[in-house]
Amino acid sequence: YFSQSRPEYISIQYRWRLIQRQLAKEIQTHPNTIICLQEVSRGLLRELQTFFHRMNYTFFESRYGNEHNDYMGVGIAIP
């Protein structure tokens, strides 16, 4: 689907490193903030749950997508 993108840029591992870095920065800069995420793919759920648990947050997710978009959904993380 992303024929114009470099393969490493669309890999979950590459994207997760960028996402995790940004989330950690937000949590450290703004303690006790509520984080809302959209377009959360099933492929990142375990990483998000582990990350937020480590940061003393509770993570809730709800999926609305289908197989085509990896059962995309939304998430909210609460300290």
# chains A, B, ... in the order shown; residues from 1 in each chain; ligands from 1
>>> residues_around(residues="A:Glu47", least_positions_apart="4", cutoff="9 Å", atoms="only C-alpha atoms", output="PyMOL selection string")
chain A and resi 16+20+43+51-52
>>> write_last_selection(atoms="N, CA, C and O atoms", output="PDB file, in the first residue's frame")
ATOM      1  N   TRP A  16       7.598   2.357  16.222  1.00  0.00           N
ATOM      2  CA  TRP A  16       7.458   2.275  17.675  1.00  0.00           C
ATOM      3  C   TRP A  16       8.551   3.059  18.388  1.00  0.00           C
ATOM      4  O   TRP A  16       8.305   3.733  19.384  1.00  0.00           O
ATOM      5  N   GLN A  20       7.395   5.855  20.958  1.00  0.00           N
ATOM      6  CA  GLN A  20       7.782   5.717  22.363  1.00  0.00           C
ATOM      7  C   GLN A  20       8.577   6.933  22.834  1.00  0.00           C
ATOM      8  O   GLN A  20       8.353   7.438  23.933  1.00  0.00           O
ATOM      9  N   GLY A  43      -0.985  -4.266  16.058  1.00  0.00           N
ATOM     10  CA  GLY A  43       0.437  -4.589  16.123  1.00  0.00           C
ATOM     11  C   GLY A  43       1.207  -3.829  17.184  1.00  0.00           C
ATOM     12  O   GLY A  43       2.291  -4.263  17.587  1.00  0.00           O
ATOM     13  N   PHE A  51       4.589  -0.189  27.770  1.00  0.00           N
ATOM     14  CA  PHE A  51       5.152   1.144  27.969  1.00  0.00           C
ATOM     15  C   PHE A  51       4.375   1.916  29.031  1.00  0.00           C
ATOM     16  O   PHE A  51       4.954   2.457  29.972  1.00  0.00           O
ATOM     17  N   PHE A  52       3.058   1.973  28.885  1.00  0.00           N
ATOM     18  CA  PHE A  52       2.266   2.748  29.837  1.00  0.00           C
ATOM     19  C   PHE A  52       2.289   2.132  31.234  1.00  0.00           C
ATOM     20  O   PHE A  52       2.298   2.857  32.232  1.00  0.00           O
TER      21      PHE A  52
END
>>> residues_around(residues="A:Arg54", least_positions_apart="5", cutoff="12 Å", atoms="only C-alpha atoms", output="VMD selection string")
chain A and resid 20 24 27 47 to 49 59 77 79
>>> write_last_selection(atoms="N, CA, C and O atoms", output="short mmCIF file (atom, residue, chain, number, x, y, z; two decimals), in the first residue's frame")
data_model
loop_
_atom_site.label_atom_id
_atom_site.label_comp_id
_atom_site.auth_asym_id
_atom_site.auth_seq_id
_atom_site.Cartn_x
_atom_site.Cartn_y
_atom_site.Cartn_z
N GLN A 20 7.40 5.85 20.96
CA GLN A 20 7.78 5.72 22.36
C GLN A 20 8.58 6.93 22.83
O GLN A 20 8.35 7.44 23.93
N ALA A 24 7.21 9.33 25.86
CA ALA A 24 8.03 9.51 27.06
C ALA A 24 8.32 10.99 27.29
O ALA A 24 8.25 11.48 28.42
N ILE A 27 5.17 12.67 28.70
CA ILE A 27 4.92 12.29 30.10
C ILE A 27 5.91 12.96 31.03
O ILE A 27 5.55 13.43 32.11
N GLU A 47 3.10 -3.33 22.92
CA GLU A 47 4.13 -2.35 23.24
C GLU A 47 3.55 -1.17 24.01
O GLU A 47 4.14 -0.69 24.98
N LEU A 48 2.39 -0.69 23.58
CA LEU A 48 1.75 0.43 24.29
C LEU A 48 1.36 0.04 25.71
O LEU A 48 1.59 0.81 26.65
N GLN A 49 0.78 -1.13 25.89
CA GLN A 49 0.40 -1.57 27.22
C GLN A 49 1.62 -1.68 28.14
O GLN A 49 1.58 -1.22 29.28
N PHE A 59 -3.79 1.84 30.56
CA PHE A 59 -4.09 2.04 29.15
C PHE A 59 -5.36 1.28 28.77
O PHE A 59 -5.48 0.09 29.04
N ALA A 77 -4.63 6.71 27.86
CA ALA A 77 -3.73 6.34 28.95
C ALA A 77 -3.92 7.36 30.08
O ALA A 77 -3.86 8.56 29.87
N PRO A 79 -2.87 8.39 34.13
CA PRO A 79 -1.91 8.13 35.22
C PRO A 79 -2.60 7.62 36.48
O PRO A 79 -3.74 7.86 36.73
#
>>> closest_atom_pairs(of="stretch 11-42 of chain A", to="stretch 61-68 of chain A", cutoff="12 Å", atoms="only C-alpha atoms", output="Markdown table")
| residue | atom | partner | partner_atom | distance |
| --- | --- | --- | --- | --- |
| A:Ile35 | CA | A:Glu61 | CA | 11.7 |
| A:Cys36 | CA | A:Glu61 | CA | 9.8 |
| A:Leu37 | CA | A:Glu61 | CA | 9.0 |
| A:Gln38 | CA | A:Glu61 | CA | 9.6 |
| A:Glu39 | CA | A:Arg63 | CA | 9.0 |
| A:Val40 | CA | A:Arg63 | CA | 8.1 |
| A:Ser41 | CA | A:Arg63 | CA | 8.3 |
| A:Arg42 | CA | A:Arg63 | CA | 8.2 |
>>> write_last_selection(atoms="all heavy atoms", output="tab-separated table (two decimals), in the first residue's frame")
chain	number	residue	atom	x	y	z
A	35	ILE	N	-3.33	10.90	28.08
A	35	ILE	CA	-2.90	10.78	26.70
A	35	ILE	C	-3.96	10.04	25.90
A	35	ILE	O	-4.35	8.92	26.28
A	35	ILE	CB	-1.55	10.06	26.60
A	35	ILE	CG1	-0.49	10.90	27.33
A	35	ILE	CG2	-1.15	9.81	25.16
A	35	ILE	CD1	0.85	10.26	27.42
A	36	CYS	N	-4.41	10.64	24.82
A	36	CYS	CA	-5.41	10.02	23.93
A	36	CYS	C	-4.73	9.73	22.59
A	36	CYS	O	-4.07	10.60	22.03
A	36	CYS	CB	-6.59	10.95	23.73
A	36	CYS	SG	-7.45	11.36	25.26
A	37	LEU	N	-4.93	8.53	22.10
A	37	LEU	CA	-4.32	8.11	20.84
A	37	LEU	C	-5.40	7.66	19.87
A	37	LEU	O	-6.38	7.03	20.27
A	37	LEU	CB	-3.36	6.94	21.09
A	37	LEU	CG	-2.22	7.20	22.07
A	37	LEU	CD1	-1.48	5.90	22.35
A	37	LEU	CD2	-1.28	8.24	21.53
A	38	GLN	N	-5.20	7.96	18.62
A	38	GLN	CA	-6.10	7.46	17.58
A	38	GLN	C	-5.28	6.68	16.58
A	38	GLN	O	-4.05	6.78	16.53
A	38	GLN	CB	-6.85	8.60	16.90
A	38	GLN	CG	-5.97	9.59	16.18
A	38	GLN	CD	-6.78	10.76	15.66
A	38	GLN	OE1	-7.69	11.24	16.32
A	38	GLN	NE2	-6.44	11.22	14.48
A	39	GLU	N	-5.95	5.87	15.79
A	39	GLU	CA	-5.31	5.01	14.79
A	39	GLU	C	-4.27	4.09	15.42
A	39	GLU	O	-3.15	3.95	14.93
A	39	GLU	CB	-4.73	5.84	13.65
A	39	GLU	CG	-5.81	6.59	12.90
A	39	GLU	CD	-5.30	7.30	11.66
A	39	GLU	OE1	-4.11	7.15	11.32
A	39	GLU	OE2	-6.11	7.98	11.03
A	40	VAL	N	-4.64	3.46	16.52
A	40	VAL	CA	-3.78	2.50	17.20
A	40	VAL	C	-3.99	1.14	16.54
A	40	VAL	O	-5.11	0.63	16.51
A	40	VAL	CB	-4.13	2.42	18.71
A	40	VAL	CG1	-3.33	1.33	19.39
A	40	VAL	CG2	-3.91	3.77	19.38
A	41	SER	N	-2.93	0.57	16.00
A	41	SER	CA	-3.05	-0.73	15.35
A	41	SER	C	-2.84	-1.86	16.35
A	41	SER	O	-2.18	-1.69	17.38
A	41	SER	CB	-2.05	-0.85	14.21
A	41	SER	OG	-0.74	-0.89	14.72
A	42	ARG	N	-3.40	-2.99	16.03
A	42	ARG	CA	-3.26	-4.16	16.89
A	42	ARG	C	-1.79	-4.52	17.07
A	42	ARG	O	-1.38	-4.98	18.14
A	42	ARG	CB	-4.03	-5.33	16.27
A	42	ARG	CG	-3.98	-6.59	17.10
A	42	ARG	CD	-4.75	-7.69	16.45
A	42	ARG	NE	-4.23	-7.94	15.11
A	42	ARG	CZ	-4.62	-8.91	14.33
A	42	ARG	NH1	-5.55	-9.73	14.74
A	42	ARG	NH2	-4.11	-9.07	13.14
>>> closest_residue(among="A:Val74, A:Asn69, A:Leu44, A:Thr58", to="A:Ser11", atoms="only C-alpha atoms")
A:Leu44
>>> select_by_dssp(residues="chain A", states="alpha helix (DSSP H)", output="JSON, numbers by chain")
{"A": [7, 8, 9, 10, 12, 13, 14, 15, 16, 17, 18, 19, 20, 21, 22, 23, 24, 25, 26, 27, 28, 29, 45, 46, 47, 48, 49, 50, 51, 52, 53, 54]}
>>> select_by_dssp(residues="chain A", states="strand (DSSP E)", output="ChimeraX atom specification")
/A:35-40,58-63,73-78
>>> write_last_selection(atoms="C-alpha atoms", output="CSV table (one decimal), in the first residue's frame")
chain,number,residue,atom,x,y,z
A,35,ILE,CA,-2.9,10.8,26.7
A,36,CYS,CA,-5.4,10.0,23.9
A,37,LEU,CA,-4.3,8.1,20.8
A,38,GLN,CA,-6.1,7.5,17.6
A,39,GLU,CA,-5.3,5.0,14.8
A,40,VAL,CA,-3.8,2.5,17.2
A,58,THR,CA,-3.4,2.5,32.8
A,59,PHE,CA,-4.1,2.0,29.1
A,60,PHE,CA,-7.5,1.4,27.7
A,61,GLU,CA,-8.2,0.6,24.0
A,62,SER,CA,-11.1,0.1,21.8
A,63,ARG,CA,-10.8,-1.3,18.3
A,73,GLY,CA,-8.7,1.6,17.2
A,74,VAL,CA,-8.3,4.3,19.8
A,75,GLY,CA,-6.6,4.4,23.2
A,76,ILE,CA,-6.5,6.4,26.3
A,77,ALA,CA,-3.7,6.3,29.0
A,78,ILE,CA,-4.5,7.7,32.4
>>> atom_distance(atom1="atom CA of A:Leu23", atom2="atom CA of A:Met55")
10.0 Å
>>> closest_residue(among="A:His53, A:Leu45, A:Pro31, A:Ser5", to="A:Met72", atoms="only C-alpha atoms")
A:Leu45
>>> atom_distance(atom1="atom CA of A:Ile19", atom2="atom CA of A:Phe2")
19.3 Å
>>> decode(residues="chain A", atoms="C-alpha atoms", output="mmCIF file, in the first residue's frame")
data_model
loop_
_atom_site.group_PDB
_atom_site.id
_atom_site.type_symbol
_atom_site.label_atom_id
_atom_site.label_comp_id
_atom_site.auth_asym_id
_atom_site.auth_seq_id
_atom_site.Cartn_x
_atom_site.Cartn_y
_atom_site.Cartn_z
ATOM 1 C CA TYR A 1 0.000 0.000 0.000
ATOM 2 C CA PHE A 2 2.914 2.373 0.609
ATOM 3 C CA SER A 3 5.011 1.829 -2.501
ATOM 4 C CA GLN A 4 6.612 5.290 -2.314
ATOM 5 C CA SER A 5 7.812 4.867 1.299
ATOM 6 C CA ARG A 6 11.103 3.357 2.339
ATOM 7 C CA PRO A 7 10.375 -0.080 3.870
ATOM 8 C CA GLU A 8 12.122 0.684 7.165
ATOM 9 C CA TYR A 9 9.865 3.720 7.699
ATOM 10 C CA ILE A 10 6.700 1.632 7.650
ATOM 11 C CA SER A 11 7.960 -1.181 9.881
ATOM 12 C CA ILE A 12 6.343 -1.386 13.313
ATOM 13 C CA GLN A 13 9.746 -1.498 15.025
ATOM 14 C CA TYR A 14 10.900 1.746 13.418
ATOM 15 C CA ARG A 15 7.626 3.541 14.083
ATOM 16 C CA TRP A 16 7.458 2.275 17.675
ATOM 17 C CA ARG A 17 10.856 3.784 18.536
ATOM 18 C CA LEU A 18 9.625 7.197 17.354
ATOM 19 C CA ILE A 19 6.251 6.889 19.085
ATOM 20 C CA GLN A 20 7.782 5.717 22.363
ATOM 21 C CA ARG A 21 10.285 8.565 22.371
ATOM 22 C CA GLN A 22 7.537 11.149 21.842
ATOM 23 C CA LEU A 23 5.226 9.644 24.476
ATOM 24 C CA ALA A 24 8.031 9.512 27.055
ATOM 25 C CA LYS A 25 8.880 13.144 26.346
ATOM 26 C CA GLU A 26 5.247 14.200 26.831
ATOM 27 C CA ILE A 27 4.918 12.287 30.099
ATOM 28 C CA GLN A 28 8.180 13.671 31.462
ATOM 29 C CA THR A 29 7.379 17.231 30.389
ATOM 30 C CA HIS A 30 3.748 17.167 31.535
ATOM 31 C CA PRO A 31 3.404 14.836 34.548
ATOM 32 C CA ASN A 32 -0.048 13.345 35.220
ATOM 33 C CA THR A 33 -1.370 14.201 31.788
ATOM 34 C CA ILE A 34 -4.011 12.066 30.087
ATOM 35 C CA ILE A 35 -2.896 10.785 26.696
ATOM 36 C CA CYS A 36 -5.405 10.019 23.932
ATOM 37 C CA LEU A 37 -4.324 8.109 20.842
ATOM 38 C CA GLN A 38 -6.097 7.463 17.579
ATOM 39 C CA GLU A 39 -5.312 5.010 14.793
ATOM 40 C CA VAL A 40 -3.780 2.501 17.205
ATOM 41 C CA SER A 41 -3.052 -0.733 15.346
ATOM 42 C CA ARG A 42 -3.263 -4.165 16.892
ATOM 43 C CA GLY A 43 0.437 -4.589 16.123
ATOM 44 C CA LEU A 44 1.364 -1.916 18.674
ATOM 45 C CA LEU A 45 -1.036 -2.826 21.484
ATOM 46 C CA ARG A 46 1.384 -4.966 23.490
ATOM 47 C CA GLU A 47 4.135 -2.351 23.241
ATOM 48 C CA LEU A 48 1.749 0.427 24.285
ATOM 49 C CA GLN A 49 0.399 -1.575 27.224
ATOM 50 C CA THR A 50 3.910 -2.407 28.437
ATOM 51 C CA PHE A 51 5.152 1.144 27.969
ATOM 52 C CA PHE A 52 2.266 2.748 29.837
ATOM 53 C CA HIS A 53 2.462 0.190 32.641
ATOM 54 C CA ARG A 54 6.154 1.067 33.077
ATOM 55 C CA MET A 55 5.197 4.750 33.238
ATOM 56 C CA ASN A 56 2.517 4.045 35.913
ATOM 57 C CA TYR A 57 -0.365 4.658 33.531
ATOM 58 C CA THR A 58 -3.424 2.543 32.840
ATOM 59 C CA PHE A 59 -4.094 2.038 29.146
ATOM 60 C CA PHE A 60 -7.549 1.398 27.688
ATOM 61 C CA GLU A 61 -8.177 0.633 24.038
ATOM 62 C CA SER A 62 -11.138 0.102 21.769
ATOM 63 C CA ARG A 63 -10.829 -1.252 18.250
ATOM 64 C CA TYR A 64 -13.189 -0.397 15.420
ATOM 65 C CA GLY A 65 -11.243 -1.450 12.344
ATOM 66 C CA ASN A 66 -10.994 -4.610 10.321
ATOM 67 C CA GLU A 67 -8.350 -6.968 8.985
ATOM 68 C CA HIS A 68 -7.383 -4.521 6.218
ATOM 69 C CA ASN A 69 -6.181 -1.868 8.714
ATOM 70 C CA ASP A 70 -4.910 -4.260 11.445
ATOM 71 C CA TYR A 71 -8.061 -3.722 13.543
ATOM 72 C CA MET A 72 -7.307 -0.042 14.088
ATOM 73 C CA GLY A 73 -8.691 1.618 17.178
ATOM 74 C CA VAL A 74 -8.278 4.321 19.771
ATOM 75 C CA GLY A 75 -6.597 4.359 23.168
ATOM 76 C CA ILE A 76 -6.457 6.442 26.302
ATOM 77 C CA ALA A 77 -3.733 6.339 28.955
ATOM 78 C CA ILE A 78 -4.494 7.652 32.442
ATOM 79 C CA PRO A 79 -1.912 8.131 35.221
#
